[in-house]
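For reference, the structure discussed in these notes is given below.
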Amino acid sequence: MKQQDDINGNSDETQETSEEPISLSRSELEEVHQTANVLVGQLSKVPDGDLVGQIVANSLMLLRNQTNRGDLKLINKSLQEMRYALKVFAPYHDVRKVSIFGSARTAESHADYAHAAAFGKAMVQAGWMVITGAGGGIMAAGHGGGGPDASFGLAIRLPFEQRTNEFIANDPKLVHFKYFFTRKLMFVRFSHAIALFPGGFGTMDEGFEVLTLVQTGKSAPMPIVFVDSPGGGYWDAWQEYVRTQLLGRGLIGEDDLRLYKITSNVTEAAAEITRFYSNYHSIRYNRDQLVLRLARGPNTEQLAEIQSEFSDIARGGFKLSSALPIERDEPALAALPRLVFDFNRRDHARLRMLIDYLNAMPV
């Protein structure tokens with residue numbers, strides 16, 4: 001089947017065929033499997049080739065499972081989109097990034113637009129890069145404030161409203177997506193912080209999803225800020241709903257409100273994000289152990305206070321540690337002190353509070 005690569009290395013088939021699955025017996029696939037086994041064996045000899053081999057093996061199972069052509073297209077296109085996005089972000093792995101969400105309809109004359117531009121500029125001045133959905137409104141403001149050199153665009157193909165903004169158009173750090181789910185995965189995968197400005201259904205979706213991922217531990221802890229323009233009241237009204245309907249009905253806990261911050265001050269929003277990484281560096285799991293990598297570890301007195309204040313989330317207490325054997329694939333972080341404990345994997349809002357404590361420790 002002929003294919004033509006587009007600007008992102010994605011491809012669309014030039015002709016349509018039946019969506020019905022083709023029934024193939026195991027014997028009919030025998031030669032294919034023998035060839036694949038040789039390939040998988042060769043892959044196992046190169047770094048990370050074992051995982052690529054698993055991708056090959058799982059792909060072949062799609063044939064054995066008689067997956068229909070429409071689903072095969074979805075899987076193939078999704079993999080293409082993720083592969084290309086990973087390639088685009090790879091050179092900037094060590095630079096922290098903030099994703100900016102908000103309405104595509106916000107006019108340049110609106111206070112929210114100016115606020116988003118000022119926020120993007122503040123984050124780039126702090127050494128960060130910005131990611132937006134590459135459209136107009138708040139997205140254009142974030143790119144305009146941050147500048148194209150420090151901007152990534154994750155655009156979605158829509159039949160309306162979504163036109164790439166002038167700041168990121170034709171930039172090599174612009175990625176086009178067909179599917180929302182692959183786009184949203186890349187937002188969270190490469191973000192170290194999230195900033196949300198007033199927006200519509202999409203902004204609500206993105207905000208609630210990232211809160212859910214952090215609350216449940218499906219995403220690493222990260223600062224989440226909801227930014228309004230002075231006197232705007234958009235996020236205050238949203239929080240009233242959260243407090244009344246979610247917290248009031250017992251659908252979330254009081255501590256969950258600590259997962260985010262609402263502010264109408266751009267300087268305060270940027271400071272909330274950079275402060276989160278003032279001591280805390282990153283997180284990693286070693287089976288049941290949670291490993292917090294820090295710029296500076298707690299002293300004896302501070303460790304005792306942590307043992308007392310956060311014993312509810314740690315089975316067996318906390319201990320200081322050097323790099324664990326499982327972390328040997330991250331040699332650049334080897335010198336950082338670690339705080340290690342058996343986390344209950346439930347109280348992620350309390351984990352955020354522990355990170356806040358570690359960041360606030362006196363030097």
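Following the order of the structure tokens, chains are lettered A, B, ..., residues in each are numbered from 1, and ligands are numbered from 1.
Residues within 10 Å of Lys261 of chain A, counting only C-alpha atoms and excluding same-chain residues fewer than 4 positions away, are Ala195, Pro223, Ile224, Val225, Phe226, Val227, Trp235, Leu257, Glu268, Ala269, Glu272 and Ile273 of chain A.
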*asked:* Considering only strand (DSSP E or B) as DSSP defines it on the backbone, what residues of segment 145-221 of chain A qualify? List them as a ChimeraX atom specification.
replied: /A:151-156,174-177,193-196
Export C-alpha atoms of the chosen residues as a JSON list (two decimals), in the first residue's frame?
```
[["chain", "number", "residue", "atom", "x", "y", "z"],
["A", 151, "SER", "CA", 7.75, 27.22, 22.36],
["A", 152, "PHE", "CA", 6.25, 23.87, 21.41],
["A", 153, "GLY", "CA", 2.93, 23.54, 19.62],
["A", 154, "LEU", "CA", 0.71, 20.46, 19.83],
["A", 155, "ALA", "CA", -1.98, 21.15, 17.26],
["A", 156, "ILE", "CA", -5.19, 19.17, 16.73],
["A", 174, "LEU", "CA", 5.10, 22.07, 15.97],
["A", 175, "VAL", "CA", 3.38, 18.68, 15.97],
["A", 176, "HIS", "CA", 0.00, 17.96, 14.36],
["A", 177, "PHE", "CA", -2.32, 15.34, 15.86],
["A", 193, "ALA", "CA", 3.76, 22.18, 35.32],
["A", 194, "ILE", "CA", 0.30, 23.12, 34.08],
["A", 195, "ALA", "CA", -1.19, 26.62, 33.82],
["A", 196, "LEU", "CA", -4.85, 27.06, 32.95]]
```
*Find the distance between atom CA of Ser78 of chain A and atom CA of Gln34 of chain A and write it in Å to one decimal.*
26.9 Å
*At what distance in Å, to one decimal, does atom CA of Leu79 of chain A lie from atom CA of Gly53 of chain A?*
14.8 Å
_DSSP helix (DSSP H, G or I) selection over segment 192-256 of chain A, as a PyMOL selection string_ = chain A and resi 201-216+234-247+254-256
Grab the residues selected above and save them as an mmCIF file, in the first residue's frame with N, CA and C atoms.
```cif
data_model
loop_
_atom_site.group_PDB
_atom_site.id
_atom_site.type_symbol
_atom_site.label_atom_id
_atom_site.label_comp_id
_atom_site.auth_asym_id
_atom_site.auth_seq_id
_atom_site.Cartn_x
_atom_site.Cartn_y
_atom_site.Cartn_z
ATOM 1 N N PHE A 201 -15.035 24.074 27.044
ATOM 2 C CA PHE A 201 -15.060 22.648 27.377
ATOM 3 C C PHE A 201 -13.664 22.034 27.343
ATOM 4 N N GLY A 202 -12.871 22.402 26.343
ATOM 5 C CA GLY A 202 -11.531 21.819 26.229
ATOM 6 C C GLY A 202 -10.656 22.137 27.416
ATOM 7 N N THR A 203 -10.717 23.385 27.879
ATOM 8 C CA THR A 203 -9.924 23.786 29.045
ATOM 9 C C THR A 203 -10.388 23.035 30.291
ATOM 10 N N MET A 204 -11.713 22.912 30.454
ATOM 11 C CA MET A 204 -12.246 22.153 31.593
ATOM 12 C C MET A 204 -11.776 20.697 31.531
ATOM 13 N N ASP A 205 -11.847 20.126 30.352
ATOM 14 C CA ASP A 205 -11.412 18.738 30.155
ATOM 15 C C ASP A 205 -9.950 18.567 30.538
ATOM 16 N N GLU A 206 -9.110 19.456 30.037
ATOM 17 C CA GLU A 206 -7.671 19.357 30.306
ATOM 18 C C GLU A 206 -7.376 19.585 31.780
ATOM 19 N N GLY A 207 -8.070 20.549 32.392
ATOM 20 C CA GLY A 207 -7.847 20.822 33.805
ATOM 21 C C GLY A 207 -8.248 19.664 34.693
ATOM 22 N N PHE A 208 -9.439 19.141 34.483
ATOM 23 C CA PHE A 208 -9.902 18.032 35.312
ATOM 24 C C PHE A 208 -9.082 16.766 35.062
ATOM 25 N N GLU A 209 -8.651 16.563 33.810
ATOM 26 C CA GLU A 209 -7.854 15.357 33.541
ATOM 27 C C GLU A 209 -6.518 15.396 34.271
ATOM 28 N N VAL A 210 -5.824 16.531 34.205
ATOM 29 C CA VAL A 210 -4.514 16.583 34.859
ATOM 30 C C VAL A 210 -4.680 16.500 36.373
ATOM 31 N N LEU A 211 -5.746 17.084 36.925
ATOM 32 C CA LEU A 211 -6.013 16.938 38.355
ATOM 33 C C LEU A 211 -6.250 15.466 38.708
ATOM 34 N N THR A 212 -6.991 14.772 37.858
ATOM 35 C CA THR A 212 -7.259 13.355 38.104
ATOM 36 C C THR A 212 -5.972 12.539 38.050
ATOM 37 N N LEU A 213 -5.136 12.805 37.063
ATOM 38 C CA LEU A 213 -3.889 12.057 36.919
ATOM 39 C C LEU A 213 -2.962 12.269 38.112
ATOM 40 N N VAL A 214 -2.870 13.504 38.589
ATOM 41 C CA VAL A 214 -2.009 13.778 39.738
ATOM 42 C C VAL A 214 -2.634 13.220 41.015
ATOM 43 N N GLN A 215 -3.941 13.372 41.163
ATOM 44 C CA GLN A 215 -4.631 12.869 42.358
ATOM 45 C C GLN A 215 -4.500 11.359 42.503
ATOM 46 N N THR A 216 -4.486 10.650 41.377
ATOM 47 C CA THR A 216 -4.439 9.183 41.415
ATOM 48 C C THR A 216 -3.029 8.626 41.242
ATOM 49 N N TYR A 234 -13.355 34.024 37.121
ATOM 50 C CA TYR A 234 -13.668 32.774 36.420
ATOM 51 C C TYR A 234 -13.320 31.560 37.275
ATOM 52 N N TRP A 235 -12.095 31.504 37.772
ATOM 53 C CA TRP A 235 -11.664 30.331 38.530
ATOM 54 C C TRP A 235 -12.214 30.331 39.944
ATOM 55 N N ASP A 236 -12.530 31.488 40.498
ATOM 56 C CA ASP A 236 -13.193 31.514 41.807
ATOM 57 C C ASP A 236 -14.566 30.863 41.711
ATOM 58 N N ALA A 237 -15.294 31.134 40.616
ATOM 59 C CA ALA A 237 -16.602 30.508 40.413
ATOM 60 C C ALA A 237 -16.447 29.003 40.203
ATOM 61 N N TRP A 238 -15.391 28.614 39.481
ATOM 62 C CA TRP A 238 -15.116 27.186 39.291
ATOM 63 C C TRP A 238 -14.838 26.512 40.630
ATOM 64 N N GLN A 239 -14.039 27.152 41.471
ATOM 65 C CA GLN A 239 -13.710 26.555 42.767
ATOM 66 C C GLN A 239 -14.924 26.488 43.680
ATOM 67 N N GLU A 240 -15.840 27.425 43.539
ATOM 68 C CA GLU A 240 -17.066 27.353 44.331
ATOM 69 C C GLU A 240 -17.841 26.093 43.983
ATOM 70 N N TYR A 241 -17.882 25.762 42.712
ATOM 71 C CA TYR A 241 -18.506 24.510 42.280
ATOM 72 C C TYR A 241 -17.754 23.312 42.864
ATOM 73 N N VAL A 242 -16.420 23.340 42.790
ATOM 74 C CA VAL A 242 -15.621 22.237 43.314
ATOM 75 C C VAL A 242 -15.875 22.054 44.807
ATOM 76 N N ARG A 243 -15.880 23.156 45.540
ATOM 77 C CA ARG A 243 -16.095 23.075 46.987
ATOM 78 C C ARG A 243 -17.512 22.613 47.321
ATOM 79 N N THR A 244 -18.489 23.170 46.624
ATOM 80 C CA THR A 244 -19.884 22.873 46.953
ATOM 81 C C THR A 244 -20.303 21.484 46.503
ATOM 82 N N GLN A 245 -20.000 21.154 45.249
ATOM 83 C CA GLN A 245 -20.511 19.916 44.692
ATOM 84 C C GLN A 245 -19.565 18.724 44.862
ATOM 85 N N LEU A 246 -18.267 18.938 44.723
ATOM 86 C CA LEU A 246 -17.332 17.820 44.829
ATOM 87 C C LEU A 246 -16.921 17.572 46.274
ATOM 88 N N LEU A 247 -16.385 18.603 46.921
ATOM 89 C CA LEU A 247 -15.997 18.447 48.318
ATOM 90 C C LEU A 247 -17.214 18.310 49.212
ATOM 91 N N GLU A 254 -10.569 17.112 51.422
ATOM 92 C CA GLU A 254 -10.098 18.473 51.669
ATOM 93 C C GLU A 254 -8.660 18.638 51.189
ATOM 94 N N ASP A 255 -7.837 17.633 51.397
ATOM 95 C CA ASP A 255 -6.436 17.734 50.985
ATOM 96 C C ASP A 255 -6.287 17.862 49.474
ATOM 97 N N ASP A 256 -7.262 17.366 48.714
ATOM 98 C CA ASP A 256 -7.173 17.441 47.257
ATOM 99 C C ASP A 256 -7.148 18.889 46.764
#
```
*Counting only C-alpha atoms, what is within 12 Å of His110 of chain A, bar same-chain residues fewer than 2 positions away, as a PyMOL selection string?*
chain A and resi 103+105-108+112-117+137-138+141+198+228-230+232
For those residues, write N, CA and C atoms to a file as a JSON list (two decimals), in the first residue's frame.
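Written file, result-v9.json:
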```
[["chain", "number", "residue", "atom", "x", "y", "z"],
["A", 103, "SER", "N", -8.76, 29.30, 26.29],
["A", 103, "SER", "CA", -9.65, 29.41, 25.15],
["A", 103, "SER", "C", -8.94, 29.86, 23.88],
["A", 105, "ARG", "N", -10.66, 31.31, 21.69],
["A", 105, "ARG", "CA", -11.51, 32.42, 21.26],
["A", 105, "ARG", "C", -11.18, 33.74, 21.96],
["A", 106, "THR", "N", -10.24, 33.71, 22.89],
["A", 106, "THR", "CA", -9.91, 34.92, 23.63],
["A", 106, "THR", "C", -9.27, 35.95, 22.70],
["A", 107, "ALA", "N", -9.84, 37.15, 22.65],
["A", 107, "ALA", "CA", -9.34, 38.20, 21.76],
["A", 107, "ALA", "C", -8.05, 38.81, 22.30],
["A", 108, "GLU", "N", -7.22, 39.32, 21.39],
["A", 108, "GLU", "CA", -5.96, 39.95, 21.79],
["A", 108, "GLU", "C", -6.19, 41.14, 22.71],
["A", 112, "ASP", "N", -7.27, 38.59, 29.69],
["A", 112, "ASP", "CA", -6.74, 37.22, 29.82],
["A", 112, "ASP", "C", -5.62, 36.96, 28.82],
["A", 113, "TYR", "N", -5.74, 37.53, 27.62],
["A", 113, "TYR", "CA", -4.69, 37.36, 26.60],
["A", 113, "TYR", "C", -3.39, 38.00, 27.08],
["A", 114, "ALA", "N", -3.48, 39.24, 27.56],
["A", 114, "ALA", "CA", -2.28, 39.93, 28.05],
["A", 114, "ALA", "C", -1.67, 39.18, 29.23],
["A", 115, "HIS", "N", -2.52, 38.63, 30.08],
["A", 115, "HIS", "CA", -2.05, 37.89, 31.26],
["A", 115, "HIS", "C", -1.31, 36.62, 30.84],
["A", 116, "ALA", "N", -1.86, 35.91, 29.85],
["A", 116, "ALA", "CA", -1.21, 34.68, 29.37],
["A", 116, "ALA", "C", 0.12, 34.99, 28.70],
["A", 117, "ALA", "N", 0.18, 36.08, 27.95],
["A", 117, "ALA", "CA", 1.44, 36.47, 27.31],
["A", 117, "ALA", "C", 2.48, 36.82, 28.36],
["A", 137, "GLY", "N", -6.01, 32.69, 20.46],
["A", 137, "GLY", "CA", -6.41, 33.04, 21.81],
["A", 137, "GLY", "C", -5.31, 32.87, 22.83],
["A", 138, "ILE", "N", -5.62, 32.20, 23.93],
["A", 138, "ILE", "CA", -4.65, 31.99, 25.02],
["A", 138, "ILE", "C", -3.42, 31.25, 24.52],
["A", 141, "ALA", "N", -1.22, 33.64, 22.82],
["A", 141, "ALA", "CA", -0.64, 34.54, 23.82],
["A", 141, "ALA", "C", 0.54, 33.90, 24.52],
["A", 198, "PRO", "N", -8.80, 31.04, 31.61],
["A", 198, "PRO", "CA", -10.21, 30.81, 31.30],
["A", 198, "PRO", "C", -10.43, 30.26, 29.89],
["A", 228, "ASP", "N", -6.28, 33.71, 36.57],
["A", 228, "ASP", "CA", -7.33, 34.63, 36.14],
["A", 228, "ASP", "C", -6.74, 36.01, 35.96],
["A", 229, "SER", "N", -7.43, 36.86, 35.23],
["A", 229, "SER", "CA", -7.02, 38.26, 35.19],
["A", 229, "SER", "C", -7.59, 38.95, 36.42],
["A", 230, "PRO", "N", -6.98, 40.02, 36.90],
["A", 230, "PRO", "CA", -7.46, 40.69, 38.12],
["A", 230, "PRO", "C", -8.94, 41.04, 38.03],
["A", 232, "GLY", "N", -11.30, 38.97, 37.51],
["A", 232, "GLY", "CA", -12.01, 38.13, 36.55],
["A", 232, "GLY", "C", -13.06, 37.23, 37.17]]
```
*asked:* Can you pull out the residues contacting Tyr285 of chain A? Cut-off 10 Å, using only C-alpha atoms, and skip same-chain residues under 3 positions away; I want them as a PyMOL selection string.
replied: chain A and resi 288-292+326-327+340-343
What does the file look like for those residues with C-alpha atoms, as a PDB file, in the first residue's frame?
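Result file selection.pdb:
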```pdb
ATOM      1  CA  ASP A 288       6.738  -0.400  46.677  1.00  0.00           C
ATOM      2  CA  GLN A 289       9.311   2.252  47.490  1.00  0.00           C
ATOM      3  CA  LEU A 290       8.877   5.853  46.443  1.00  0.00           C
ATOM      4  CA  VAL A 291      12.122   7.740  45.843  1.00  0.00           C
ATOM      5  CA  LEU A 292      12.085  11.537  46.085  1.00  0.00           C
ATOM      6  CA  ILE A 326      17.430   0.823  39.805  1.00  0.00           C
ATOM      7  CA  GLU A 327      18.448   4.422  39.049  1.00  0.00           C
ATOM      8  CA  VAL A 340      12.848   6.947  50.409  1.00  0.00           C
ATOM      9  CA  PHE A 341       9.709   5.400  51.901  1.00  0.00           C
ATOM     10  CA  ASP A 342       6.988   2.834  51.260  1.00  0.00           C
ATOM     11  CA  PHE A 343       4.222   5.088  49.971  1.00  0.00           C
TER      12      PHE A 343
END
```
*Kindly give the distance, in Å, that separates atom CA of Ile168 of chain A and atom CA of Tyr92 of chain A, rounded to a single decimal.*
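About the pair atom CA of Ile168 of chain A and atom CA of Tyr92 of chain A: they are 16.5 Å apart.
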*Selection: 12 Å around Thr300 of chain A, only C-alpha atoms, excl. self and same-chain fewer than 3 positions, as a PyMOL selection string*: chain A and resi 297+303-307+318-320
Please produce a file of those selected residues containing N, CA and C atoms, as a PDB file, in the first residue's frame.
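Now in part.pdb:
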```pdb
ATOM      1  N   GLY A 297      18.913  17.199  51.178  1.00  0.00           N
ATOM      2  CA  GLY A 297      18.119  16.340  52.037  1.00  0.00           C
ATOM      3  C   GLY A 297      17.820  16.986  53.369  1.00  0.00           C
ATOM      4  N   LEU A 303      14.067  15.534  59.474  1.00  0.00           N
ATOM      5  CA  LEU A 303      13.638  14.175  59.197  1.00  0.00           C
ATOM      6  C   LEU A 303      12.700  13.672  60.288  1.00  0.00           C
ATOM      7  N   ALA A 304      13.007  14.003  61.536  1.00  0.00           N
ATOM      8  CA  ALA A 304      12.140  13.606  62.647  1.00  0.00           C
ATOM      9  C   ALA A 304      10.756  14.245  62.514  1.00  0.00           C
ATOM     10  N   GLU A 305      10.726  15.493  62.066  1.00  0.00           N
ATOM     11  CA  GLU A 305       9.440  16.175  61.885  1.00  0.00           C
ATOM     12  C   GLU A 305       8.647  15.533  60.743  1.00  0.00           C
ATOM     13  N   ILE A 306       9.350  15.154  59.681  1.00  0.00           N
ATOM     14  CA  ILE A 306       8.683  14.465  58.583  1.00  0.00           C
ATOM     15  C   ILE A 306       8.109  13.132  59.061  1.00  0.00           C
ATOM     16  N   GLN A 307       8.891  12.412  59.873  1.00  0.00           N
ATOM     17  CA  GLN A 307       8.409  11.136  60.410  1.00  0.00           C
ATOM     18  C   GLN A 307       7.114  11.333  61.185  1.00  0.00           C
ATOM     19  N   PHE A 318      10.486   6.964  57.048  1.00  0.00           N
ATOM     20  CA  PHE A 318      11.304   7.568  55.993  1.00  0.00           C
ATOM     21  C   PHE A 318      12.787   7.326  56.269  1.00  0.00           C
ATOM     22  N   LYS A 319      13.565   7.273  55.198  1.00  0.00           N
ATOM     23  CA  LYS A 319      15.009   7.163  55.370  1.00  0.00           C
ATOM     24  C   LYS A 319      15.712   7.943  54.263  1.00  0.00           C
ATOM     25  N   LEU A 320      16.884   8.447  54.592  1.00  0.00           N
ATOM     26  CA  LEU A 320      17.719   9.109  53.599  1.00  0.00           C
ATOM     27  C   LEU A 320      18.534   8.064  52.853  1.00  0.00           C
TER      28      LEU A 320
END
```
